[in-house]
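Visitor: Below you'll find the structure I mean.
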Amino acid sequence: MYSAELSKRLTGSNESYPVHSADELHNVCQTILFKHKALLIKDPFGVSGKGNIKIDSISAVKRLVQYIQRQEQRGANTAFIVEPFFDVERDFSCQFHLEPDGSFRFISMQQMLNHHLAYLGSYSMAKEAVYELENRGYFKVMENIGSALYEQGYFGPVCVDSMQLTNGTLIPIVEINARKSMGLINHYLDGWLATDHRQGFLTFLSLGYRNHFDYEAMLQDMERAKLLFTPLQGEGIVPLSSATLLVNELYRDRDVSMGNEEEPFLKGRLYLSVFAKDVEVRMRLLSGTRALLASQGVSVYD
């Protein structure tokens with residue numbers, strides 16, 4: 001909600017509409033669908049695109065509005081962002097840091113890959129694309145965002161999601177994330193491991209399994225299959241997390257200790273970076289990792 005309001009104040013953009021009631025939601029959606037083929041309704045508590053709904057008909061709007069009205073009658077508050085569903089050429093983000101004295105320190109630009117409105121991964125933006133954004137005044141908007149955040153008492157890491165439409169229109173502010181981001185992690189990984197011919201792509205695999213997941217054995221199997229990154233090899237998979245993959249084993253262990261002997265199906269995420277010279281090698285490494293995990297009885301979800 002804050003991002004939408006700040007975007008309107010700093011850039012004059014009037015494409016994101018905060019709504020606070022079912023009636024307001026109906027009117028705004030009706031207005032947008034009169035001009036555009038589809039729209040997005042965003043839950044303010046959604047993360048990485050989760051909680052976004054794409055709607056392309058008035059009948060769907062009416063069903064949603066009726067559902068929201070019933071919630072309001074039970075005492076719930078309404079808050080959504082509504083905006084047109086744009087034809088997007090590229091999604092990207094800017095990472096910067098606000099120092100305690102309010103000074104602005106630029107860090108990096110990251111391309112983002114999204115799939116079905118949800119975040120999929122990040123990789124460092126080419127220098128030519130950064131120069132293009134600089135010529136279009138993009139970084140002046142980022143500095144203005146930093147000033148606005150600092151005026152309200154914030155300093156620390158910032159990630160601003162942006163996009164460019166297929167018609168060339170630049171939308172500098174899609175969402176402001178006042179935190180460390182996936183793109184920031186990818187930037188520092190590239191700083192340590194990238195070469196002239198290889199850079200990282202930060203992403204994740206959603207996995208499901210029943211038995212205990214042996215993380216060390218996975219690393220050993222990946223190394224034998226030449227999927228694991230090594231400095232000598234110069235390309236491969238860099239696994240980045242274990243807790244996000246194994247956290248639900250804690251609940252399984254608790255259930256077993258309480259007498260529930262059925263093995264539950266556990267799910268988790270394996271965050272990783274793929275260092276490769278091009279998309280073809282990157283996809284080969286990811287496909288090999290999926291196949292290796294599947295051979296061990298682990299389900300991999302796209």
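Chain identifiers are assigned as A, B, and so on, following the order in which chains appear in the structure tokens; residues are numbered from 1 within each chain, and ligands are numbered from 1 in order of appearance.
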Going by DSSP on the backbone, which bits of region 115-246 of chain A are strand (DSSP E or B)? Write them as a short mmCIF file (atom, residue, chain, number, x, y, z; two decimals) with N, CA, C and O atoms, in the first residue's frame, please.
Guide:
data_model
loop_
_atom_site.label_atom_id
_atom_site.label_comp_id
_atom_site.auth_asym_id
_atom_site.auth_seq_id
_atom_site.Cartn_x
_atom_site.Cartn_y
_atom_site.Cartn_z
N HIS A 115 7.25 -16.47 -12.66
CA HIS A 115 6.48 -17.52 -13.30
C HIS A 115 5.10 -17.56 -12.66
O HIS A 115 4.98 -17.75 -11.45
N ALA A 118 4.63 -15.29 -9.71
CA ALA A 118 5.45 -15.54 -8.51
C ALA A 118 6.93 -15.47 -8.85
O ALA A 118 7.35 -15.77 -9.97
N TYR A 119 7.71 -15.06 -7.88
CA TYR A 119 9.16 -14.92 -8.05
C TYR A 119 9.81 -16.28 -8.29
O TYR A 119 9.52 -17.26 -7.62
N LEU A 120 10.72 -16.33 -9.29
CA LEU A 120 11.41 -17.58 -9.61
C LEU A 120 12.92 -17.49 -9.42
O LEU A 120 13.55 -18.46 -9.02
N GLY A 121 13.53 -16.31 -9.70
CA GLY A 121 14.97 -16.22 -9.56
C GLY A 121 15.53 -14.87 -9.98
O GLY A 121 14.80 -14.02 -10.49
N SER A 122 16.83 -14.67 -9.74
CA SER A 122 17.52 -13.41 -10.04
C SER A 122 18.87 -13.68 -10.69
O SER A 122 19.52 -14.67 -10.38
N TYR A 123 19.28 -12.75 -11.57
CA TYR A 123 20.64 -12.75 -12.09
C TYR A 123 21.04 -11.30 -12.37
O TYR A 123 20.19 -10.42 -12.58
N SER A 124 22.34 -11.03 -12.37
CA SER A 124 22.84 -9.66 -12.48
C SER A 124 22.52 -9.06 -13.85
O SER A 124 22.66 -9.72 -14.88
N GLY A 156 18.89 1.33 6.22
CA GLY A 156 19.25 -0.08 6.07
C GLY A 156 19.09 -0.50 4.62
O GLY A 156 19.04 0.33 3.71
N PRO A 157 19.02 -1.82 4.37
CA PRO A 157 18.94 -2.32 2.99
C PRO A 157 17.57 -2.08 2.38
O PRO A 157 16.54 -2.16 3.07
N VAL A 158 17.56 -1.80 1.06
CA VAL A 158 16.31 -1.58 0.32
C VAL A 158 16.41 -2.31 -1.02
O VAL A 158 17.44 -2.27 -1.68
N CYS A 159 15.32 -2.95 -1.41
CA CYS A 159 15.19 -3.54 -2.74
C CYS A 159 13.90 -3.00 -3.36
O CYS A 159 12.83 -3.17 -2.79
N VAL A 160 14.02 -2.35 -4.52
CA VAL A 160 12.86 -1.82 -5.22
C VAL A 160 12.61 -2.65 -6.47
O VAL A 160 13.47 -2.73 -7.35
N ASP A 161 11.45 -3.29 -6.54
CA ASP A 161 11.06 -4.04 -7.73
C ASP A 161 10.51 -3.08 -8.78
O ASP A 161 9.71 -2.18 -8.45
N SER A 162 10.92 -3.28 -10.03
CA SER A 162 10.52 -2.41 -11.13
C SER A 162 10.18 -3.27 -12.34
O SER A 162 10.45 -4.47 -12.36
N MET A 163 9.62 -2.63 -13.38
CA MET A 163 9.37 -3.37 -14.62
C MET A 163 9.31 -2.43 -15.82
O MET A 163 9.07 -1.22 -15.67
N GLN A 164 9.57 -3.00 -16.98
CA GLN A 164 9.44 -2.29 -18.24
C GLN A 164 8.43 -3.04 -19.10
O GLN A 164 8.51 -4.25 -19.25
N LEU A 165 7.46 -2.31 -19.66
CA LEU A 165 6.40 -2.93 -20.45
C LEU A 165 6.86 -3.14 -21.88
O LEU A 165 7.85 -2.57 -22.33
N LEU A 170 8.36 2.57 -18.68
CA LEU A 170 9.13 2.17 -17.49
C LEU A 170 8.30 2.46 -16.25
O LEU A 170 7.81 3.57 -16.05
N ILE A 171 8.14 1.46 -15.41
CA ILE A 171 7.44 1.62 -14.13
C ILE A 171 8.46 1.40 -13.03
O ILE A 171 8.78 0.25 -12.68
N PRO A 172 9.02 2.48 -12.48
CA PRO A 172 10.13 2.34 -11.52
C PRO A 172 9.75 1.67 -10.21
O PRO A 172 10.56 0.97 -9.61
N ILE A 173 8.51 1.89 -9.75
CA ILE A 173 8.12 1.39 -8.44
C ILE A 173 6.96 0.41 -8.59
O ILE A 173 5.83 0.81 -8.87
N VAL A 174 7.25 -0.87 -8.45
CA VAL A 174 6.22 -1.88 -8.36
C VAL A 174 6.01 -2.24 -6.90
O VAL A 174 4.89 -2.35 -6.41
N GLU A 175 7.13 -2.42 -6.19
CA GLU A 175 7.05 -2.73 -4.76
C GLU A 175 8.37 -2.35 -4.11
O GLU A 175 9.44 -2.53 -4.70
N ILE A 176 8.30 -1.83 -2.90
CA ILE A 176 9.48 -1.46 -2.12
C ILE A 176 9.65 -2.47 -1.00
O ILE A 176 8.74 -2.67 -0.19
N ASN A 177 10.81 -3.12 -0.97
CA ASN A 177 11.11 -4.11 0.08
C ASN A 177 12.20 -3.54 0.98
O ASN A 177 13.35 -3.43 0.55
N GLN A 199 28.13 -16.37 -14.78
CA GLN A 199 27.54 -15.65 -13.66
C GLN A 199 26.45 -16.50 -13.05
O GLN A 199 25.98 -17.47 -13.65
N GLY A 200 26.05 -16.13 -11.84
CA GLY A 200 25.10 -16.95 -11.11
C GLY A 200 23.66 -16.61 -11.42
O GLY A 200 23.33 -15.48 -11.80
N PHE A 201 22.81 -17.60 -11.24
CA PHE A 201 21.35 -17.44 -11.29
C PHE A 201 20.80 -18.00 -10.00
O PHE A 201 20.89 -19.21 -9.75
N LEU A 202 20.28 -17.12 -9.14
CA LEU A 202 19.78 -17.53 -7.83
C LEU A 202 18.33 -17.97 -7.96
O LEU A 202 17.49 -17.22 -8.46
N THR A 203 18.03 -19.19 -7.52
CA THR A 203 16.67 -19.71 -7.64
C THR A 203 16.43 -20.73 -6.52
O THR A 203 17.19 -20.77 -5.55
N PHE A 204 15.39 -21.54 -6.65
CA PHE A 204 15.11 -22.55 -5.63
C PHE A 204 14.36 -23.71 -6.26
O PHE A 204 13.75 -23.59 -7.33
N LEU A 205 14.43 -24.85 -5.60
CA LEU A 205 13.64 -26.03 -5.95
C LEU A 205 12.71 -26.35 -4.79
O LEU A 205 13.15 -26.40 -3.64
N SER A 206 11.44 -26.57 -5.09
CA SER A 206 10.49 -27.01 -4.07
C SER A 206 10.48 -28.53 -4.06
O SER A 206 10.21 -29.16 -5.08
N LEU A 207 10.79 -29.12 -2.90
CA LEU A 207 10.98 -30.57 -2.80
C LEU A 207 10.00 -31.18 -1.81
O LEU A 207 9.55 -30.52 -0.86
N GLY A 208 9.70 -32.45 -2.02
CA GLY A 208 8.88 -33.22 -1.09
C GLY A 208 9.51 -34.58 -0.86
O GLY A 208 10.04 -35.20 -1.78
N TYR A 209 9.46 -35.08 0.39
CA TYR A 209 10.09 -36.36 0.73
C TYR A 209 9.43 -36.93 1.98
O TYR A 209 8.80 -36.20 2.76
N LEU A 228 27.99 -30.21 -8.87
CA LEU A 228 28.34 -29.29 -7.81
C LEU A 228 29.42 -28.32 -8.28
O LEU A 228 30.39 -28.72 -8.93
N GLY A 236 28.55 -24.83 -12.14
CA GLY A 236 27.84 -25.85 -11.38
C GLY A 236 26.87 -25.23 -10.39
O GLY A 236 26.65 -24.01 -10.36
N ILE A 237 26.29 -26.08 -9.56
CA ILE A 237 25.28 -25.70 -8.57
C ILE A 237 25.95 -25.36 -7.25
O ILE A 237 26.82 -26.11 -6.77
N VAL A 238 25.55 -24.23 -6.66
CA VAL A 238 26.00 -23.86 -5.31
C VAL A 238 24.78 -23.95 -4.38
O VAL A 238 23.95 -23.03 -4.37
N PRO A 239 24.61 -25.03 -3.61
CA PRO A 239 23.50 -25.09 -2.64
C PRO A 239 23.70 -24.03 -1.55
O PRO A 239 24.80 -23.85 -1.06
#
Visitor: Check region 73-206 of chain A with DSSP on the backbone and list each residue it calls alpha helix (DSSP H), as a count of residues only.
Guide: 36
Visitor: Considering only C-alpha atoms, can you say which of A:Leu193, A:Val130, A:Leu64, A:Met112 comes closest to Glu89 (chain A)?
Guide: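 Among the listed residues, A:Met112 lies closest to Glu89 (chain A).
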Visitor: Report as JSON, numbers by chain all protein, DNA and RNA residues lying within 10 Å of Lys267 (chain A), evaluated on only C-alpha atoms, omitting residues in the same chain fewer than 5 positions from it.
Guide: {"A": [206, 207, 208, 209, 210, 244, 245, 246, 247, 248, 249, 298, 299, 300]}
Visitor: Write the selection just made, keeping N, CA and C atoms, as a PDB file, in the first residue's frame?
Guide:
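Output saved as result-v4.pdb:
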ATOM      1  N   SER A 206      11.439 -26.567  -5.090  1.00  0.00           N
ATOM      2  CA  SER A 206      10.489 -27.010  -4.072  1.00  0.00           C
ATOM      3  C   SER A 206      10.479 -28.532  -4.058  1.00  0.00           C
ATOM      4  N   LEU A 207      10.794 -29.121  -2.904  1.00  0.00           N
ATOM      5  CA  LEU A 207      10.980 -30.566  -2.797  1.00  0.00           C
ATOM      6  C   LEU A 207      10.004 -31.182  -1.805  1.00  0.00           C
ATOM      7  N   GLY A 208       9.701 -32.455  -2.023  1.00  0.00           N
ATOM      8  CA  GLY A 208       8.881 -33.219  -1.091  1.00  0.00           C
ATOM      9  C   GLY A 208       9.509 -34.582  -0.856  1.00  0.00           C
ATOM     10  N   TYR A 209       9.458 -35.080   0.391  1.00  0.00           N
ATOM     11  CA  TYR A 209      10.088 -36.362   0.726  1.00  0.00           C
ATOM     12  C   TYR A 209       9.426 -36.927   1.978  1.00  0.00           C
ATOM     13  N   ARG A 210       9.583 -38.241   2.162  1.00  0.00           N
ATOM     14  CA  ARG A 210       8.992 -38.896   3.333  1.00  0.00           C
ATOM     15  C   ARG A 210      10.035 -39.243   4.392  1.00  0.00           C
ATOM     16  N   THR A 244      15.746 -24.346   5.272  1.00  0.00           N
ATOM     17  CA  THR A 244      14.496 -24.187   4.539  1.00  0.00           C
ATOM     18  C   THR A 244      14.027 -25.501   3.931  1.00  0.00           C
ATOM     19  N   LEU A 245      14.950 -26.450   3.791  1.00  0.00           N
ATOM     20  CA  LEU A 245      14.603 -27.758   3.246  1.00  0.00           C
ATOM     21  C   LEU A 245      14.201 -28.736   4.349  1.00  0.00           C
ATOM     22  N   LEU A 246      14.842 -28.631   5.507  1.00  0.00           N
ATOM     23  CA  LEU A 246      14.699 -29.638   6.555  1.00  0.00           C
ATOM     24  C   LEU A 246      13.789 -29.213   7.707  1.00  0.00           C
ATOM     25  N   VAL A 247      13.300 -27.978   7.688  1.00  0.00           N
ATOM     26  CA  VAL A 247      12.597 -27.438   8.852  1.00  0.00           C
ATOM     27  C   VAL A 247      11.386 -28.276   9.252  1.00  0.00           C
ATOM     28  N   ASN A 248      10.673 -28.852   8.263  1.00  0.00           N
ATOM     29  CA  ASN A 248       9.464 -29.596   8.609  1.00  0.00           C
ATOM     30  C   ASN A 248       9.748 -30.962   9.224  1.00  0.00           C
ATOM     31  N   GLU A 249      11.009 -31.397   9.194  1.00  0.00           N
ATOM     32  CA  GLU A 249      11.355 -32.630   9.900  1.00  0.00           C
ATOM     33  C   GLU A 249      11.153 -32.470  11.402  1.00  0.00           C
ATOM     34  N   VAL A 298      12.854 -38.296  -4.089  1.00  0.00           N
ATOM     35  CA  VAL A 298      12.450 -36.939  -3.716  1.00  0.00           C
ATOM     36  C   VAL A 298      11.612 -36.350  -4.835  1.00  0.00           C
ATOM     37  N   SER A 299      10.447 -35.818  -4.510  1.00  0.00           N
ATOM     38  CA  SER A 299       9.601 -35.163  -5.502  1.00  0.00           C
ATOM     39  C   SER A 299      10.067 -33.739  -5.713  1.00  0.00           C
ATOM     40  N   VAL A 300      10.162 -33.326  -6.986  1.00  0.00           N
ATOM     41  CA  VAL A 300      10.580 -31.970  -7.337  1.00  0.00           C
ATOM     42  C   VAL A 300       9.426 -31.290  -8.039  1.00  0.00           C
TER      43      VAL A 300
END
Visitor: Return the single residue from A:Ile58, A:Ala126, A:Val82, A:Ala194 that is closest to Pro231 (chain A), with distances computed using only C-alpha atoms.
Guide: A:Ala194
Visitor: Here is a test: counting only C-alpha atoms, which residue of A:Ala148, A:Val19, A:Ala79, A:Leu227 is nearest to Arg284 (chain A)?
Guide: A:Leu227
Visitor: Find, counting only C-alpha atoms, the residue in A:Pro84, A:Gly297, A:Gly12, A:Pro18 that gets nearest to Thr31 (chain A).
Guide: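 Ranking A:Pro84, A:Gly297, A:Gly12, A:Pro18 by distance to Thr31 (chain A), first place goes to A:Pro84.
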Visitor: Could you tell me which of A:Tyr301, A:Tyr2, A:Phe275, A:Phe85 comes closest to Asp190 (chain A) if we count only C-alpha atoms?
Guide: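 Closest to Asp190 (chain A) of all the choices is A:Phe275.
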Visitor: Hey, which of A:Leu40, A:Ala243, A:Leu292, A:Leu272 ends up closest to Phe86 (chain A)? Count only C-alpha atoms.
Guide: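 Counting only C-alpha atoms, the residue closest to Phe86 (chain A) is A:Leu40.
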Visitor: What lies within 12 Å of Ile68 (chain A) using only C-alpha atoms, ignoring chain neighbours under 5 positions off, as a VMD selection string?
Guide: chain A and resid 20 to 26 61 to 63 73 to 80
Visitor: When you look at Ile107 (chain A) with a cut-off of 8 Å (counting only C-alpha atoms), what residues show up, excluding the ones that are within fewer than 3 positions of it in the same chain? I need them as a PyMOL selection string.
Guide: chain A and resi 94-97
Visitor: Take the residues from that selection and write them out as a PDB file, in the first residue's frame, keeping N, CA, C and O atoms.
Guide:
ATOM      1  N   CYS A  94      16.330  -2.990  -8.032  1.00  0.00           N
ATOM      2  CA  CYS A  94      17.481  -2.176  -7.645  1.00  0.00           C
ATOM      3  C   CYS A  94      17.752  -2.390  -6.162  1.00  0.00           C
ATOM      4  O   CYS A  94      16.835  -2.299  -5.337  1.00  0.00           O
ATOM      5  N   GLN A  95      18.998  -2.708  -5.831  1.00  0.00           N
ATOM      6  CA  GLN A  95      19.411  -2.860  -4.439  1.00  0.00           C
ATOM      7  C   GLN A  95      20.255  -1.658  -4.030  1.00  0.00           C
ATOM      8  O   GLN A  95      21.217  -1.311  -4.729  1.00  0.00           O
ATOM      9  N   PHE A  96      19.871  -1.014  -2.942  1.00  0.00           N
ATOM     10  CA  PHE A  96      20.697   0.058  -2.396  1.00  0.00           C
ATOM     11  C   PHE A  96      20.609   0.040  -0.879  1.00  0.00           C
ATOM     12  O   PHE A  96      19.813  -0.699  -0.292  1.00  0.00           O
ATOM     13  N   HIS A  97      21.464   0.846  -0.259  1.00  0.00           N
ATOM     14  CA  HIS A  97      21.534   0.881   1.203  1.00  0.00           C
ATOM     15  C   HIS A  97      21.438   2.330   1.665  1.00  0.00           C
ATOM     16  O   HIS A  97      22.092   3.214   1.115  1.00  0.00           O
TER      17      HIS A  97
END
